[in-house]
Amino acid sequence: MGQTWCFLDYVDDDGENQIKPWLDSLPKAAKVKINAVLRRLEVRELLGEPEMKQLKGACDGLLEVRVRDSRVQYRPLGCYGPGNHEVTLLIGAVEKGNKFEPRTACAIALTRKYAIQGGEHVRDHDFR
């Protein structure tokens with residue numbers, strides 16, 4: 001079975017990837033696990049739980065990738081697009097007590113979601 005979904009990383013106005021530094025700051029095992037989940041999701045026809053969940057409320061319109069490693073709940077936040085069968089990772093977050101850290105993760109992700117709509121501010125996810 002070939003790739004169905006393409007994962008992209010958000011890049012800022014200067015072309016700097018905003019996902020890779022977050023991933024690189026994590027324990028190596030967590031980074032490897034997150035990338036492994038993304039690889040599994042690439043070949044699925046439909047994205048959904050348990051590895052991916054659509055958010056509601058203040059985070060409506062966003063998706064979270066759900067990865068747990070060493071009792072830490074890693075939650076890269078993203079959205080569908082900008083193209084068909086693409087998911088863009090917008091910000092890295094951690095869930096603690098049903099809240100994201102950083103606390104502004106949803107607001108930042110929603111702002112970035114609108115920035116990618118024209119196909120700008122994205123690049124292929126860096127699995128290294």
# chains A, B, ... in the order shown; residues from 1 in each chain; ligands from 1

$ residues_around --residues "Glu120 (chain A)" --least-positions-apart "4" --cutoff "10 Å" --atoms "only C-alpha atoms" --output "count of residues only"
8

$ residues_around --residues "Lys20 (chain A)" --least-positions-apart "6" --cutoff "9 Å" --atoms "only C-alpha atoms" --output "ChimeraX atom specification"
/A:9,125-128

$ write_last_selection --atoms "N, CA and C atoms" --output "CSV table (one decimal), in the first residue's frame"
chain,number,residue,atom,x,y,z
A,9,ASP,N,5.3,20.4,7.5
A,9,ASP,CA,5.6,21.3,8.6
A,9,ASP,C,5.3,22.7,8.3
A,125,HIS,N,7.4,17.3,5.8
A,125,HIS,CA,7.8,17.0,7.2
A,125,HIS,C,9.2,16.4,7.2
A,126,ASP,N,10.0,16.8,8.1
A,126,ASP,CA,11.4,16.3,8.2
A,126,ASP,C,11.4,15.2,9.2
A,127,PHE,N,11.5,14.0,8.7
A,127,PHE,CA,11.5,12.7,9.5
A,127,PHE,C,12.8,12.4,10.1
A,128,ARG,N,13.8,13.3,9.9
A,128,ARG,CA,15.2,13.0,10.5
A,128,ARG,C,15.2,13.4,11.9

$ atom_distance --atom1 "CA of Cys6 (chain A)" --atom2 "CA of Asn98 (chain A)"
28.1 Å

$ residues_around --residues "Gly83 (chain A)" --least-positions-apart "5" --cutoff "12 Å" --atoms "only C-alpha atoms" --output "list of chain:residue names"
A:Trp5, A:Cys6, A:Phe7, A:Leu8, A:Thr88, A:Ile116, A:Gln117, A:Gly118, A:Gly119, A:Glu120, A:Val122

$ select_by_dssp --residues "region 24-125 of chain A" --states "helix (DSSP H, G or I)" --output "PDB file with N, CA and C atoms, in the first residue's frame"
ATOM      1  N   ASP A  24      13.166  18.237  17.854  1.00  0.00           N
ATOM      2  CA  ASP A  24      14.558  18.042  18.248  1.00  0.00           C
ATOM      3  C   ASP A  24      14.786  18.301  19.736  1.00  0.00           C
ATOM      4  N   SER A  25      13.897  19.072  20.367  1.00  0.00           N
ATOM      5  CA  SER A  25      14.040  19.377  21.793  1.00  0.00           C
ATOM      6  C   SER A  25      13.511  18.250  22.686  1.00  0.00           C
ATOM      7  N   LYS A  28      14.878  11.656  22.586  1.00  0.00           N
ATOM      8  CA  LYS A  28      14.985  10.954  21.304  1.00  0.00           C
ATOM      9  C   LYS A  28      13.882   9.915  21.114  1.00  0.00           C
ATOM     10  N   ALA A  29      13.563   9.174  22.167  1.00  0.00           N
ATOM     11  CA  ALA A  29      12.525   8.136  22.057  1.00  0.00           C
ATOM     12  C   ALA A  29      11.173   8.745  21.700  1.00  0.00           C
ATOM     13  N   ALA A  30      10.858   9.913  22.238  1.00  0.00           N
ATOM     14  CA  ALA A  30       9.581  10.578  21.936  1.00  0.00           C
ATOM     15  C   ALA A  30       9.550  11.038  20.481  1.00  0.00           C
ATOM     16  N   LYS A  31      10.648  11.628  20.019  1.00  0.00           N
ATOM     17  CA  LYS A  31      10.721  12.077  18.621  1.00  0.00           C
ATOM     18  C   LYS A  31      10.553  10.891  17.672  1.00  0.00           C
ATOM     19  N   VAL A  32      11.234   9.795  17.969  1.00  0.00           N
ATOM     20  CA  VAL A  32      11.133   8.600  17.128  1.00  0.00           C
ATOM     21  C   VAL A  32       9.699   8.083  17.121  1.00  0.00           C
ATOM     22  N   LYS A  33       9.064   8.070  18.271  1.00  0.00           N
ATOM     23  CA  LYS A  33       7.690   7.566  18.370  1.00  0.00           C
ATOM     24  C   LYS A  33       6.713   8.456  17.596  1.00  0.00           C
ATOM     25  N   ILE A  34       6.864   9.780  17.706  1.00  0.00           N
ATOM     26  CA  ILE A  34       5.993  10.705  16.961  1.00  0.00           C
ATOM     27  C   ILE A  34       6.150  10.476  15.465  1.00  0.00           C
ATOM     28  N   ASN A  35       7.397  10.394  14.985  1.00  0.00           N
ATOM     29  CA  ASN A  35       7.615  10.169  13.558  1.00  0.00           C
ATOM     30  C   ASN A  35       7.091   8.812  13.104  1.00  0.00           C
ATOM     31  N   ALA A  36       7.176   7.807  13.963  1.00  0.00           N
ATOM     32  CA  ALA A  36       6.643   6.484  13.617  1.00  0.00           C
ATOM     33  C   ALA A  36       5.123   6.536  13.477  1.00  0.00           C
ATOM     34  N   VAL A  37       4.461   7.275  14.360  1.00  0.00           N
ATOM     35  CA  VAL A  37       3.004   7.431  14.256  1.00  0.00           C
ATOM     36  C   VAL A  37       2.654   8.153  12.951  1.00  0.00           C
ATOM     37  N   LEU A  38       3.391   9.194  12.610  1.00  0.00           N
ATOM     38  CA  LEU A  38       3.128   9.918  11.359  1.00  0.00           C
ATOM     39  C   LEU A  38       3.316   8.997  10.151  1.00  0.00           C
ATOM     40  N   ARG A  39       4.334   8.162  10.179  1.00  0.00           N
ATOM     41  CA  ARG A  39       4.560   7.203   9.076  1.00  0.00           C
ATOM     42  C   ARG A  39       3.384   6.235   8.950  1.00  0.00           C
ATOM     43  N   ARG A  40       2.863   5.763  10.081  1.00  0.00           N
ATOM     44  CA  ARG A  40       1.700   4.859  10.031  1.00  0.00           C
ATOM     45  C   ARG A  40       0.472   5.580   9.479  1.00  0.00           C
ATOM     46  N   LEU A  41       0.301   6.833   9.872  1.00  0.00           N
ATOM     47  CA  LEU A  41      -0.861   7.589   9.410  1.00  0.00           C
ATOM     48  C   LEU A  41      -0.783   7.896   7.915  1.00  0.00           C
ATOM     49  N   GLU A  42       0.427   8.013   7.379  1.00  0.00           N
ATOM     50  CA  GLU A  42       0.592   8.319   5.951  1.00  0.00           C
ATOM     51  C   GLU A  42      -0.112   7.326   5.046  1.00  0.00           C
ATOM     52  N   GLY A  57     -14.295  23.129  20.410  1.00  0.00           N
ATOM     53  CA  GLY A  57     -14.208  24.267  21.325  1.00  0.00           C
ATOM     54  C   GLY A  57     -13.246  25.321  20.808  1.00  0.00           C
ATOM     55  N   ALA A  58     -12.375  25.810  21.681  1.00  0.00           N
ATOM     56  CA  ALA A  58     -11.422  26.863  21.313  1.00  0.00           C
ATOM     57  C   ALA A  58     -10.433  26.402  20.247  1.00  0.00           C
ATOM     58  N   CYS A  59     -10.319  25.100  20.066  1.00  0.00           N
ATOM     59  CA  CYS A  59      -9.384  24.529  19.097  1.00  0.00           C
ATOM     60  C   CYS A  59     -10.103  23.977  17.859  1.00  0.00           C
ATOM     61  N   ALA A 105      -1.262  27.380  22.486  1.00  0.00           N
ATOM     62  CA  ALA A 105      -1.036  26.493  21.337  1.00  0.00           C
ATOM     63  C   ALA A 105      -2.165  26.559  20.317  1.00  0.00           C
ATOM     64  N   CYS A 106      -3.411  26.525  20.755  1.00  0.00           N
ATOM     65  CA  CYS A 106      -4.534  26.546  19.806  1.00  0.00           C
ATOM     66  C   CYS A 106      -4.615  27.865  19.059  1.00  0.00           C
ATOM     67  N   ALA A 107      -4.437  28.968  19.761  1.00  0.00           N
ATOM     68  CA  ALA A 107      -4.493  30.284  19.111  1.00  0.00           C
ATOM     69  C   ALA A 107      -3.384  30.414  18.071  1.00  0.00           C
ATOM     70  N   ILE A 108      -2.191  29.981  18.421  1.00  0.00           N
ATOM     71  CA  ILE A 108      -1.075  30.035  17.470  1.00  0.00           C
ATOM     72  C   ILE A 108      -1.358  29.138  16.278  1.00  0.00           C
ATOM     73  N   ALA A 109      -1.819  27.921  16.539  1.00  0.00           N
ATOM     74  CA  ALA A 109      -2.104  26.979  15.458  1.00  0.00           C
ATOM     75  C   ALA A 109      -3.193  27.501  14.525  1.00  0.00           C
ATOM     76  N   LEU A 110      -4.230  28.115  15.076  1.00  0.00           N
ATOM     77  CA  LEU A 110      -5.303  28.653  14.227  1.00  0.00           C
ATOM     78  C   LEU A 110      -4.795  29.797  13.353  1.00  0.00           C
ATOM     79  N   THR A 111      -3.949  30.652  13.890  1.00  0.00           N
ATOM     80  CA  THR A 111      -3.355  31.727  13.089  1.00  0.00           C
ATOM     81  C   THR A 111      -2.517  31.138  11.956  1.00  0.00           C
ATOM     82  N   ARG A 112      -1.739  30.134  12.273  1.00  0.00           N
ATOM     83  CA  ARG A 112      -0.895  29.488  11.259  1.00  0.00           C
ATOM     84  C   ARG A 112      -1.731  28.741  10.230  1.00  0.00           C
ATOM     85  N   LYS A 113      -2.860  28.200  10.653  1.00  0.00           N
ATOM     86  CA  LYS A 113      -3.744  27.484   9.727  1.00  0.00           C
ATOM     87  C   LYS A 113      -4.174  28.400   8.585  1.00  0.00           C
ATOM     88  N   TYR A 114      -4.500  29.627   8.909  1.00  0.00           N
ATOM     89  CA  TYR A 114      -4.923  30.561   7.863  1.00  0.00           C
ATOM     90  C   TYR A 114      -3.759  30.995   6.994  1.00  0.00           C
ATOM     91  N   ALA A 115      -2.537  30.994   7.535  1.00  0.00           N
ATOM     92  CA  ALA A 115      -1.356  31.390   6.759  1.00  0.00           C
ATOM     93  C   ALA A 115      -0.998  30.367   5.684  1.00  0.00           C
TER      94      ALA A 115
END

$ select_by_dssp --residues "region 2-53 of chain A" --states "strand (DSSP E)" --output "PyMOL selection string"
chain A and resi 6-10+52-53

$ atom_distance --atom1 "CA of Thr4 (chain A)" --atom2 "CA of Arg75 (chain A)"
21.7 Å

$ atom_distance --atom1 "CA of Leu77 (chain A)" --atom2 "CA of Leu55 (chain A)"
9.4 Å

$ closest_residue --among "A:Gln73, A:His85, A:Asp124, A:Arg68" --to "Glu101 (chain A)" --atoms "only C-alpha atoms"
A:Gln73
